[in-house]
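**Student:** The following file, model17.cif, comprises mmCIF, C-alpha atoms and all ligand atoms:
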```
data_input
#
loop_
_atom_site.label_atom_id
_atom_site.label_comp_id
_atom_site.auth_asym_id
_atom_site.auth_seq_id
_atom_site.Cartn_x
_atom_site.Cartn_y
_atom_site.Cartn_z
CA MET A 25 -23.11 35.98 -9.71
CA ASN A 26 -19.78 34.49 -10.84
CA SER A 27 -20.54 35.04 -14.50
CA THR A 28 -16.92 34.86 -15.69
CA LEU A 29 -16.54 31.38 -14.22
CA PHE A 30 -19.90 30.29 -15.67
CA ALA A 31 -18.86 31.56 -19.12
CA GLU A 32 -15.47 29.82 -18.89
CA VAL A 33 -17.06 26.52 -17.85
CA ASP A 34 -19.58 26.86 -20.68
CA GLN A 35 -16.66 27.33 -23.10
CA TYR A 36 -14.96 24.28 -21.63
CA ILE A 37 -18.12 22.21 -22.15
CA ALA A 38 -18.72 23.56 -25.65
CA HIS A 39 -15.09 22.98 -26.65
CA LEU A 40 -15.36 19.33 -25.58
CA PHE A 41 -18.90 18.48 -26.69
CA ALA A 42 -20.17 21.12 -29.12
CA PRO A 43 -17.31 22.24 -31.36
CA GLU A 44 -18.61 24.53 -34.10
CA ASP A 45 -17.76 23.74 -37.69
CA GLU A 46 -17.57 26.10 -40.66
CA ALA A 47 -21.36 26.19 -41.22
CA LEU A 48 -22.14 27.11 -37.59
CA ASN A 49 -19.30 29.66 -37.32
CA SER A 50 -20.35 31.30 -40.60
CA THR A 51 -23.93 31.53 -39.35
CA ILE A 52 -22.90 33.44 -36.22
CA HIS A 53 -20.56 35.60 -38.33
CA SER A 54 -23.36 36.37 -40.82
CA LEU A 55 -25.49 37.82 -38.00
CA HIS A 56 -22.59 40.12 -36.98
CA VAL A 57 -22.10 41.26 -40.56
CA LYS A 58 -25.81 42.14 -40.98
CA GLY A 59 -26.04 43.73 -37.53
CA PHE A 60 -28.87 41.34 -36.58
CA PRO A 61 -29.45 40.38 -32.91
CA GLN A 62 -27.08 37.80 -31.41
CA HIS A 63 -30.03 35.82 -30.02
CA SER A 64 -28.99 32.41 -31.35
CA VAL A 65 -28.77 29.64 -28.77
CA SER A 66 -25.26 28.90 -27.51
CA ALA A 67 -23.21 26.04 -28.93
CA ALA A 68 -23.88 23.89 -25.85
CA GLN A 69 -27.59 24.67 -26.06
CA GLY A 70 -27.52 23.80 -29.76
CA LYS A 71 -25.96 20.45 -28.91
CA PHE A 72 -28.59 19.94 -26.22
CA LEU A 73 -31.37 20.53 -28.78
CA HIS A 74 -29.58 18.14 -31.15
CA LEU A 75 -29.48 15.44 -28.46
CA MET A 76 -33.16 15.94 -27.64
CA ALA A 77 -34.02 15.51 -31.32
CA LEU A 78 -31.94 12.30 -31.42
CA LEU A 79 -33.62 11.08 -28.24
CA VAL A 80 -37.10 11.35 -29.76
CA ARG A 81 -35.80 10.05 -33.12
CA ALA A 82 -37.28 13.14 -34.69
CA ARG A 83 -38.41 12.87 -38.30
CA ARG A 84 -40.51 16.04 -38.23
CA ILE A 85 -39.41 19.14 -36.33
CA LEU A 86 -41.15 22.53 -36.10
CA GLU A 87 -39.25 25.64 -35.05
CA ILE A 88 -40.85 29.02 -34.33
CA GLY A 89 -38.24 31.80 -34.78
CA SER A 90 -35.33 31.00 -37.14
CA LEU A 91 -33.17 34.17 -36.97
CA GLY A 92 -30.01 33.14 -38.93
CA GLY A 93 -30.73 29.42 -38.74
CA TYR A 94 -28.20 28.55 -36.02
CA SER A 95 -30.51 26.43 -33.84
CA THR A 96 -32.12 25.19 -37.07
CA ILE A 97 -28.79 23.69 -38.18
CA TRP A 98 -28.20 21.93 -34.83
CA LEU A 99 -31.75 20.51 -34.93
CA ALA A 100 -31.80 19.53 -38.61
CA ARG A 101 -28.50 17.66 -38.23
CA ALA A 102 -30.30 15.25 -35.88
CA LEU A 103 -33.00 14.40 -38.43
CA ALA A 104 -33.21 10.93 -39.92
CA ASN A 105 -32.60 10.59 -43.67
CA GLU A 106 -36.11 11.43 -44.83
CA GLY A 107 -36.64 13.90 -41.96
CA LYS A 108 -37.97 17.43 -42.37
CA LEU A 109 -37.76 20.63 -40.35
CA ILE A 110 -40.12 23.57 -40.84
CA SER A 111 -39.02 26.88 -39.30
CA ILE A 112 -41.23 29.98 -39.16
CA GLU A 113 -39.58 33.42 -39.30
CA TYR A 114 -41.35 36.78 -39.36
CA HIS A 115 -38.57 39.06 -40.67
CA PRO A 116 -37.94 38.46 -44.40
CA GLU A 117 -34.25 39.46 -44.03
CA HIS A 118 -33.76 36.97 -41.21
CA ALA A 119 -35.52 34.29 -43.26
CA ALA A 120 -33.34 35.00 -46.31
CA LEU A 121 -30.18 34.81 -44.22
CA ALA A 122 -31.34 31.58 -42.58
CA ARG A 123 -31.96 30.02 -46.00
CA GLN A 124 -28.41 30.95 -47.08
CA ASN A 125 -26.87 29.56 -43.91
CA ILE A 126 -28.89 26.36 -44.15
CA ALA A 127 -27.90 25.87 -47.78
CA ARG A 128 -24.23 26.34 -46.83
CA ALA A 129 -24.70 23.66 -44.18
CA GLY A 130 -25.99 21.29 -46.88
CA LEU A 131 -29.43 21.11 -45.27
CA ALA A 132 -31.58 22.85 -47.89
CA GLU A 133 -33.38 19.61 -48.80
CA LYS A 134 -34.45 18.97 -45.24
CA VAL A 135 -35.33 22.47 -44.06
CA GLU A 136 -38.13 24.80 -45.12
CA ILE A 137 -38.10 28.36 -43.78
CA ILE A 138 -41.60 29.86 -43.98
CA THR A 139 -41.71 33.66 -43.85
CA GLY A 140 -44.57 35.16 -41.85
CA LYS A 141 -45.98 35.76 -38.40
CA ALA A 142 -46.11 32.47 -36.55
CA LEU A 143 -49.74 33.01 -35.49
CA ASP A 144 -50.69 33.42 -39.17
CA ILE A 145 -48.67 30.42 -40.38
CA LEU A 146 -49.50 27.86 -37.68
CA PRO A 147 -53.19 27.51 -38.69
CA SER A 148 -52.15 26.78 -42.29
CA ILE A 149 -49.82 24.03 -41.08
CA GLU A 150 -52.75 22.47 -39.23
CA THR A 151 -55.08 22.65 -42.23
CA SER A 152 -52.40 21.16 -44.51
CA ASN A 153 -53.15 17.89 -42.68
CA ALA A 154 -49.47 17.16 -42.24
CA PRO A 155 -48.59 14.46 -39.70
CA PRO A 156 -47.87 15.66 -36.14
CA PHE A 157 -44.39 16.91 -35.23
CA ASP A 158 -42.04 14.83 -33.08
CA MET A 159 -40.36 17.92 -31.63
CA ILE A 160 -41.25 21.63 -31.52
CA PHE A 161 -38.84 24.44 -30.55
CA ILE A 162 -40.46 27.75 -29.56
CA ASP A 163 -38.00 30.68 -29.78
CA ALA A 164 -39.76 33.66 -31.42
CA ASP A 165 -41.22 36.80 -29.79
CA LYS A 166 -42.02 36.26 -26.12
CA PRO A 167 -45.48 37.87 -25.53
CA PRO A 168 -47.42 35.15 -27.45
CA TYR A 169 -45.49 32.15 -26.03
CA THR A 170 -48.70 30.83 -24.44
CA GLU A 171 -50.49 30.92 -27.81
CA TYR A 172 -47.49 29.31 -29.53
CA PHE A 173 -47.66 26.48 -27.02
CA GLN A 174 -51.41 26.01 -27.60
CA TRP A 175 -50.66 25.69 -31.32
CA ALA A 176 -47.78 23.34 -30.60
CA LEU A 177 -50.19 21.07 -28.72
CA ARG A 178 -52.55 21.02 -31.71
CA LEU A 179 -49.66 19.97 -33.95
CA SER A 180 -48.44 17.27 -31.53
CA ARG A 181 -49.09 13.63 -30.72
CA PRO A 182 -48.58 11.88 -27.38
CA GLY A 183 -44.82 11.87 -26.80
CA THR A 184 -44.06 15.03 -28.78
CA LEU A 185 -41.28 17.05 -27.13
CA ILE A 186 -41.87 20.80 -26.90
CA ILE A 187 -39.00 23.09 -25.84
CA ALA A 188 -39.34 26.85 -25.25
CA ASP A 189 -36.27 29.12 -24.97
CA ASN A 190 -35.77 32.18 -22.74
CA VAL A 191 -38.31 31.48 -20.01
CA ILE A 192 -36.18 32.79 -17.07
CA ARG A 193 -34.80 36.08 -18.46
CA GLU A 194 -32.00 36.70 -15.94
CA GLY A 195 -34.38 35.81 -13.13
CA LYS A 196 -36.71 38.69 -13.99
CA VAL A 197 -39.56 36.15 -14.02
CA LEU A 198 -39.45 36.39 -10.20
CA ASP A 199 -40.67 39.99 -10.37
CA ALA A 200 -44.46 39.83 -10.40
CA GLN A 201 -44.57 43.62 -10.95
CA SER A 202 -42.35 43.54 -14.07
CA ASP A 203 -43.58 45.84 -16.84
CA ASP A 204 -41.30 44.20 -19.46
CA GLU A 205 -43.60 42.60 -22.03
CA LYS A 206 -41.10 39.81 -22.74
CA VAL A 207 -40.93 38.96 -19.03
CA GLN A 208 -44.72 39.14 -18.75
CA GLY A 209 -45.03 36.87 -21.79
CA VAL A 210 -42.87 34.13 -20.29
CA GLN A 211 -44.41 34.53 -16.82
CA ARG A 212 -47.84 33.88 -18.34
CA PHE A 213 -46.38 30.97 -20.33
CA ASN A 214 -44.63 29.37 -17.34
CA ALA A 215 -47.78 29.58 -15.18
CA MET A 216 -49.89 28.08 -17.97
CA LEU A 217 -47.37 25.28 -18.57
CA ALA A 218 -47.17 24.39 -14.88
CA GLY A 219 -50.94 23.92 -14.82
CA CYS A 220 -51.25 22.24 -18.21
CA SER A 221 -52.78 18.77 -17.87
CA GLN A 222 -51.78 17.84 -21.45
CA ALA A 223 -48.03 17.79 -20.83
CA GLN A 224 -45.41 16.95 -18.20
CA SER A 225 -42.91 19.78 -17.90
CA ILE A 226 -39.90 21.32 -16.19
CA ILE A 227 -37.67 24.36 -16.67
CA LEU A 228 -33.88 23.98 -16.81
CA GLN A 229 -32.09 27.22 -15.97
CA SER A 230 -28.82 27.97 -17.69
CA VAL A 231 -25.77 30.18 -17.24
CA GLY A 232 -22.69 30.66 -19.34
CA ALA A 233 -22.20 31.96 -22.87
CA LYS A 234 -25.67 33.55 -22.89
CA GLU A 235 -27.21 35.57 -20.09
CA HIS A 236 -28.78 33.66 -17.18
CA ASP A 237 -31.91 32.13 -18.70
CA GLY A 238 -33.76 28.84 -19.04
CA MET A 239 -35.55 26.43 -21.34
CA ALA A 240 -38.93 24.86 -20.62
CA ILE A 241 -39.12 21.19 -21.60
CA ALA A 242 -42.55 19.59 -22.06
CA VAL A 243 -43.58 16.09 -23.09
CA VAL A 244 -47.10 15.86 -24.46
CA GLY A 245 -49.18 13.18 -22.70
N1 LIG P 301 -33.92 30.10 -32.87
C1 LIG P 301 -32.87 31.06 -33.26
C2 LIG P 301 -33.04 32.40 -32.56
C3 LIG P 301 -34.39 33.04 -32.79
S1 LIG P 301 -34.40 34.76 -32.26
C4 LIG P 301 -31.52 30.46 -32.88
O1 LIG P 301 -31.37 30.04 -31.71
O2 LIG P 301 -30.62 30.41 -33.71
C5 LIG P 301 -36.10 35.11 -32.46
C6 LIG P 301 -36.57 35.21 -33.91
O3 LIG P 301 -38.00 35.25 -33.90
C7 LIG P 301 -36.12 36.49 -34.63
O4 LIG P 301 -35.47 36.19 -35.84
C8 LIG P 301 -37.42 37.23 -34.89
O5 LIG P 301 -37.44 37.94 -36.12
C9 LIG P 301 -38.42 36.10 -34.93
N2 LIG P 301 -39.82 36.52 -34.68
C10 LIG P 301 -40.24 37.58 -33.96
N3 LIG P 301 -41.58 37.64 -33.98
C11 LIG P 301 -42.01 36.59 -34.73
C12 LIG P 301 -43.29 36.11 -35.12
N4 LIG P 301 -44.42 36.73 -34.75
N5 LIG P 301 -43.36 35.00 -35.88
C13 LIG P 301 -42.22 34.36 -36.26
N6 LIG P 301 -40.99 34.77 -35.94
C14 LIG P 301 -40.88 35.86 -35.18
C1 LIG P 302 -34.22 37.47 -26.86
C2 LIG P 302 -34.75 36.49 -27.66
C3 LIG P 302 -34.15 35.24 -27.73
O1 LIG P 302 -34.67 34.24 -28.47
C4 LIG P 302 -33.00 34.98 -26.99
O2 LIG P 302 -32.48 33.72 -27.05
C5 LIG P 302 -32.46 35.97 -26.19
C6 LIG P 302 -33.06 37.22 -26.13
C7 LIG P 302 -34.88 38.79 -26.77
O3 LIG P 302 -35.81 39.05 -27.57
O4 LIG P 302 -34.52 39.59 -25.92
MG MG P 303 -33.98 32.31 -27.73
#
```
Let me see whether you can do it: turn the structure in this file into structure tokens.
Ligand code: SAH
Ligand code: DHB
Ligand code: MG
**Tutor:**
Amino acid sequence: MNSTLFAEVDQYIAHLFAPEDEALNSTIHSLHVKGFPQHSVSAAQGKFLHLMALLVRARRILEIGSLGGYSTIWLARALANEGKLISIEYHPEHAALARQNIARAGLAEKVEIITGKALDILPSIETSNAPPFDMIFIDADKPPYTEYFQWALRLSRPGTLIIADNVIREGKVLDAQSDDEKVQGVQRFNAMLAGCSQAQSIILQSVGAKEHDGMAIAVVG
């Protein structure tokens, strides 16, 4: 694989279309400083998420897996004036860092980071009787992706856009014998999504700044 060329072209695209400002740069830097995983989406992927949120005129966005709030910032910047984004993060230190980064980006009013396991928090969002989300971004731990999607459907309306990160995993999804629980999690998710009658879906694979991977895109019917 010509990964140097892919990375250089990704940089070229990001430089033209997804330049990072102070808030985004500081967010990536804050993850380095804390020694947290560099699992944020790339700049170009962040811009893609931003465009998707604009496309659906998102007023309510749900994110599962905040890390340092990098994708959160790209998404929240696409919200209309009264728009809100709820992001669920399991690790309290990640959640605290995300809150700081979001405040620095001037988005504290629009974004709520809820600390807890997504599968514990999602039922309480449903029972709070909040209106359905316009867009949902799934990017937490990979084994329960199928369950996250089932919850996403319950919190959706027809037309809701659901995007799931990391569903190709350097092509390891092709290996039916894989014993990697992350790979198994997204294999189960991809098979479920392909057969799901409640949504129309595709996977876009990606190369470049991040390892070879892909995002699943689903529109709820
Ligand atoms: N969306 C972020 C990256 C998220 S990385 C970005 O692109 O900027 C995945 C995050 O999911 C990590 O911070 C991890 O702590 C969190 N996570 C792991 N298990 C979780 C769970 N059960 N519920 C919620 N978050 C979880
Ligand atoms: C992993 C998780 C992510 O969300 C990501 O974008 C890349 C890697 C991981 O857990 O390996
Ligand atoms: Mg991810």
**Student:** Please tabulate, as a tab-separated table, the residues of segment 196-222 of chain A that come within 10 Å of segment 162-178 of chain A, each with its closest pair of atoms and the distance in Å to one decimal, counting all atoms listed in the file and ordering rows by chain, then residue number upward.
**Tutor:**
```
residue	atom	partner	partner_atom	distance
A:Asp204	CA	A:Pro167	CA	9.7
A:Glu205	CA	A:Pro167	CA	6.2
A:Lys206	CA	A:Lys166	CA	5.0
A:Val207	CA	A:Lys166	CA	7.7
A:Gln208	CA	A:Pro167	CA	6.9
A:Gly209	CA	A:Pro167	CA	3.9
A:Val210	CA	A:Lys166	CA	6.3
A:Gln211	CA	A:Pro167	CA	9.4
A:Arg212	CA	A:Thr170	CA	6.9
A:Phe213	CA	A:Thr170	CA	4.7
A:Asn214	CA	A:Thr170	CA	8.3
A:Ala215	CA	A:Thr170	CA	9.4
A:Met216	CA	A:Thr170	CA	7.1
A:Leu217	CA	A:Thr170	CA	8.2
A:Gln222	CA	A:Leu177	CA	8.1
```
**Student:** Hey, can you spit out that residue selection with C-alpha atoms as a short mmCIF file (atom, residue, chain, number, x, y, z; two decimals), in the coordinates of the input?
**Tutor:**
```cif
data_model
loop_
_atom_site.label_atom_id
_atom_site.label_comp_id
_atom_site.auth_asym_id
_atom_site.auth_seq_id
_atom_site.Cartn_x
_atom_site.Cartn_y
_atom_site.Cartn_z
CA ASP A 204 -41.30 44.20 -19.46
CA GLU A 205 -43.60 42.60 -22.03
CA LYS A 206 -41.10 39.81 -22.74
CA VAL A 207 -40.93 38.96 -19.03
CA GLN A 208 -44.72 39.14 -18.75
CA GLY A 209 -45.03 36.87 -21.79
CA VAL A 210 -42.87 34.13 -20.29
CA GLN A 211 -44.41 34.53 -16.82
CA ARG A 212 -47.84 33.88 -18.34
CA PHE A 213 -46.38 30.97 -20.33
CA ASN A 214 -44.63 29.37 -17.34
CA ALA A 215 -47.78 29.58 -15.18
CA MET A 216 -49.89 28.08 -17.97
CA LEU A 217 -47.37 25.28 -18.57
CA GLN A 222 -51.78 17.84 -21.45
#
```
**Student:** Enumerate as a VMD selection string the residues within 9 Å of ligand LIG 302 (chain P), counting all atoms listed in the file.
**Tutor:** chain A and resid 61 to 66 89 91 162 to 166 189 to 190 193 206 234 to 235 237
**Student:** Using only C-alpha atoms and all ligand atoms for the distances, tell me which of A:Pro116, A:Gly59, A:Gly93, A:Gly183 is nearest to ligand MG 303 (chain P).
**Tutor:**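 Distance minimum relative to ligand MG 303 (chain P) lands on A:Gly93.
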**Student:** Atom CA of Phe72 of chain A and atom CA of Ala233 of chain A, how far apart in Å?
**Tutor:**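 If I compute the distance from atom CA of Ala233 of chain A to atom CA of Phe72 of chain A, I get 14.0 Å.
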**Student:** Could you check which residues have any atom within 9 Å of (-27.1, 17.1, -35.4), counting all atoms listed in the file with coordinates taken straight from the file, and then list them as a ChimeraX atom specification?
**Tutor:** /A:70-71,73-75,77-78,97-103
**Student:** Near Pro156 of chain A, within 9 Å and counting only C-alpha atoms, which residues show up once chain neighbours fewer than 6 positions away are dropped, as a PyMOL selection string?
**Tutor:** chain A and resi 84+150+178-181+184
**Student:** Just checking: using all atoms listed in the file, which residue out of A:Arg128, A:Ala240, A:Val57, A:Ser27 ends up closest to ligand MG 303 (chain P)?
**Tutor:**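 Of A:Arg128, A:Ala240, A:Val57, A:Ser27, the one nearest ligand MG 303 (chain P) is A:Ala240, counting all atoms listed in the file.
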**Student:** What does the structure give for the distance between atom CA of Asp158 of chain A and atom CA of Gly130 of chain A, in Å to one decimal?
**Tutor:**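 Separation between atom CA of Asp158 of chain A and atom CA of Gly130 of chain A: 22.1 Å.
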**Student:** Pick the closest to ligand MG 303 (chain P) from A:Glu44, A:Glu87, A:Glu136, A:Asp34: which is it, counting all atoms listed in the file?
**Tutor:**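 Closest to ligand MG 303 (chain P), using all atoms listed in the file: A:Glu87.
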**Student:** I need segment 66-155 of chain A from the structure I supplied, saved as a PDB file, in the first residue's frame with C-alpha atoms retained.
**Tutor:**
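Result written to out-v5.pdb:
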```pdb
ATOM      1  CA  SER A  66      -8.504  13.196  11.191  1.00  0.00           C
ATOM      2  CA  ALA A  67      -9.030  16.824  10.192  1.00  0.00           C
ATOM      3  CA  ALA A  68     -10.537  15.793   6.848  1.00  0.00           C
ATOM      4  CA  GLN A  69     -12.826  13.307   8.594  1.00  0.00           C
ATOM      5  CA  GLY A  70     -13.810  16.024  11.065  1.00  0.00           C
ATOM      6  CA  LYS A  71     -14.729  18.290   8.164  1.00  0.00           C
ATOM      7  CA  PHE A  72     -16.689  15.432   6.596  1.00  0.00           C
ATOM      8  CA  LEU A  73     -18.698  14.994   9.821  1.00  0.00           C
ATOM      9  CA  HIS A  74     -19.228  18.765   9.903  1.00  0.00           C
ATOM     10  CA  LEU A  75     -20.581  18.725   6.339  1.00  0.00           C
ATOM     11  CA  MET A  76     -22.889  15.807   7.112  1.00  0.00           C
ATOM     12  CA  ALA A  77     -24.283  17.722  10.097  1.00  0.00           C
ATOM     13  CA  LEU A  78     -24.844  20.777   7.858  1.00  0.00           C
ATOM     14  CA  LEU A  79     -26.485  18.581   5.229  1.00  0.00           C
ATOM     15  CA  VAL A  80     -29.101  17.286   7.682  1.00  0.00           C
ATOM     16  CA  ARG A  81     -29.411  20.760   9.270  1.00  0.00           C
ATOM     17  CA  ALA A  82     -28.687  19.121  12.584  1.00  0.00           C
ATOM     18  CA  ARG A  83     -30.170  20.742  15.671  1.00  0.00           C
ATOM     19  CA  ARG A  84     -29.649  17.721  17.921  1.00  0.00           C
ATOM     20  CA  ILE A  85     -26.565  15.524  17.659  1.00  0.00           C
ATOM     21  CA  LEU A  86     -25.609  12.498  19.776  1.00  0.00           C
ATOM     22  CA  GLU A  87     -22.025  11.263  19.950  1.00  0.00           C
ATOM     23  CA  ILE A  88     -20.913   8.028  21.626  1.00  0.00           C
ATOM     24  CA  GLY A  89     -17.206   8.297  22.587  1.00  0.00           C
ATOM     25  CA  SER A  90     -15.857  11.840  23.132  1.00  0.00           C
ATOM     26  CA  LEU A  91     -12.155  11.250  23.947  1.00  0.00           C
ATOM     27  CA  GLY A  92     -10.724  14.832  23.978  1.00  0.00           C
ATOM     28  CA  GLY A  93     -13.672  16.353  22.131  1.00  0.00           C
ATOM     29  CA  TYR A  94     -12.009  16.709  18.720  1.00  0.00           C
ATOM     30  CA  SER A  95     -14.837  15.236  16.618  1.00  0.00           C
ATOM     31  CA  THR A  96     -17.264  16.891  19.064  1.00  0.00           C
ATOM     32  CA  ILE A  97     -15.904  20.327  18.107  1.00  0.00           C
ATOM     33  CA  TRP A  98     -16.186  19.658  14.350  1.00  0.00           C
ATOM     34  CA  LEU A  99     -19.774  18.430  14.817  1.00  0.00           C
ATOM     35  CA  ALA A 100     -20.923  21.123  17.257  1.00  0.00           C
ATOM     36  CA  ARG A 101     -19.639  23.861  14.942  1.00  0.00           C
ATOM     37  CA  ALA A 102     -22.251  22.749  12.407  1.00  0.00           C
ATOM     38  CA  LEU A 103     -25.148  23.146  14.851  1.00  0.00           C
ATOM     39  CA  ALA A 104     -27.765  25.820  14.308  1.00  0.00           C
ATOM     40  CA  ASN A 105     -28.016  28.591  16.928  1.00  0.00           C
ATOM     41  CA  GLU A 106     -30.224  26.753  19.396  1.00  0.00           C
ATOM     42  CA  GLY A 107     -28.644  23.380  18.555  1.00  0.00           C
ATOM     43  CA  LYS A 108     -27.368  20.890  21.128  1.00  0.00           C
ATOM     44  CA  LEU A 109     -24.869  18.044  21.102  1.00  0.00           C
ATOM     45  CA  ILE A 110     -24.770  15.330  23.759  1.00  0.00           C
ATOM     46  CA  SER A 111     -21.585  13.238  23.894  1.00  0.00           C
ATOM     47  CA  ILE A 112     -21.182  10.141  26.090  1.00  0.00           C
ATOM     48  CA  GLU A 113     -17.720   9.291  27.446  1.00  0.00           C
ATOM     49  CA  TYR A 114     -16.849   6.431  29.793  1.00  0.00           C
ATOM     50  CA  HIS A 115     -13.453   7.577  31.127  1.00  0.00           C
ATOM     51  CA  PRO A 116     -13.844  10.489  33.584  1.00  0.00           C
ATOM     52  CA  GLU A 117     -10.398  11.879  32.642  1.00  0.00           C
ATOM     53  CA  HIS A 118     -11.303  11.877  28.951  1.00  0.00           C
ATOM     54  CA  ALA A 119     -14.630  13.530  29.759  1.00  0.00           C
ATOM     55  CA  ALA A 120     -12.920  16.227  31.858  1.00  0.00           C
ATOM     56  CA  LEU A 121     -10.425  16.950  29.100  1.00  0.00           C
ATOM     57  CA  ALA A 122     -13.197  17.080  26.490  1.00  0.00           C
ATOM     58  CA  ARG A 123     -15.114  19.611  28.607  1.00  0.00           C
ATOM     59  CA  GLN A 124     -11.999  21.815  28.820  1.00  0.00           C
ATOM     60  CA  ASN A 125     -11.356  21.607  25.089  1.00  0.00           C
ATOM     61  CA  ILE A 126     -14.987  22.332  24.272  1.00  0.00           C
ATOM     62  CA  ALA A 127     -15.029  25.335  26.597  1.00  0.00           C
ATOM     63  CA  ARG A 128     -11.870  26.667  24.915  1.00  0.00           C
ATOM     64  CA  ALA A 129     -13.633  26.295  21.572  1.00  0.00           C
ATOM     65  CA  GLY A 130     -16.490  28.449  22.908  1.00  0.00           C
ATOM     66  CA  LEU A 131     -18.970  25.586  22.625  1.00  0.00           C
ATOM     67  CA  ALA A 132     -19.766  24.913  26.292  1.00  0.00           C
ATOM     68  CA  GLU A 133     -23.338  26.184  25.907  1.00  0.00           C
ATOM     69  CA  LYS A 134     -24.105  23.806  23.082  1.00  0.00           C
ATOM     70  CA  VAL A 135     -22.325  20.651  24.234  1.00  0.00           C
ATOM     71  CA  GLU A 136     -23.015  18.355  27.167  1.00  0.00           C
ATOM     72  CA  ILE A 137     -20.498  15.608  27.926  1.00  0.00           C
ATOM     73  CA  ILE A 138     -22.155  12.852  29.977  1.00  0.00           C
ATOM     74  CA  THR A 139     -19.732  10.604  31.867  1.00  0.00           C
ATOM     75  CA  GLY A 140     -20.627   6.913  31.957  1.00  0.00           C
ATOM     76  CA  LYS A 141     -20.849   3.710  29.970  1.00  0.00           C
ATOM     77  CA  ALA A 142     -22.861   4.353  26.843  1.00  0.00           C
ATOM     78  CA  LEU A 143     -25.074   1.304  27.428  1.00  0.00           C
ATOM     79  CA  ASP A 144     -25.988   2.703  30.873  1.00  0.00           C
ATOM     80  CA  ILE A 145     -26.596   6.266  29.646  1.00  0.00           C
ATOM     81  CA  LEU A 146     -28.545   5.592  26.433  1.00  0.00           C
ATOM     82  CA  PRO A 147     -31.651   4.217  28.227  1.00  0.00           C
ATOM     83  CA  SER A 148     -31.818   7.365  30.385  1.00  0.00           C
ATOM     84  CA  ILE A 149     -31.724   9.536  27.263  1.00  0.00           C
ATOM     85  CA  GLU A 150     -34.691   7.577  25.921  1.00  0.00           C
ATOM     86  CA  THR A 151     -36.697   7.893  29.138  1.00  0.00           C
ATOM     87  CA  SER A 152     -35.965  11.637  29.334  1.00  0.00           C
ATOM     88  CA  ASN A 153     -38.432  11.922  26.428  1.00  0.00           C
ATOM     89  CA  ALA A 154     -36.109  14.224  24.533  1.00  0.00           C
ATOM     90  CA  PRO A 155     -36.896  14.727  20.838  1.00  0.00           C
TER      91      PRO A 155
END
```
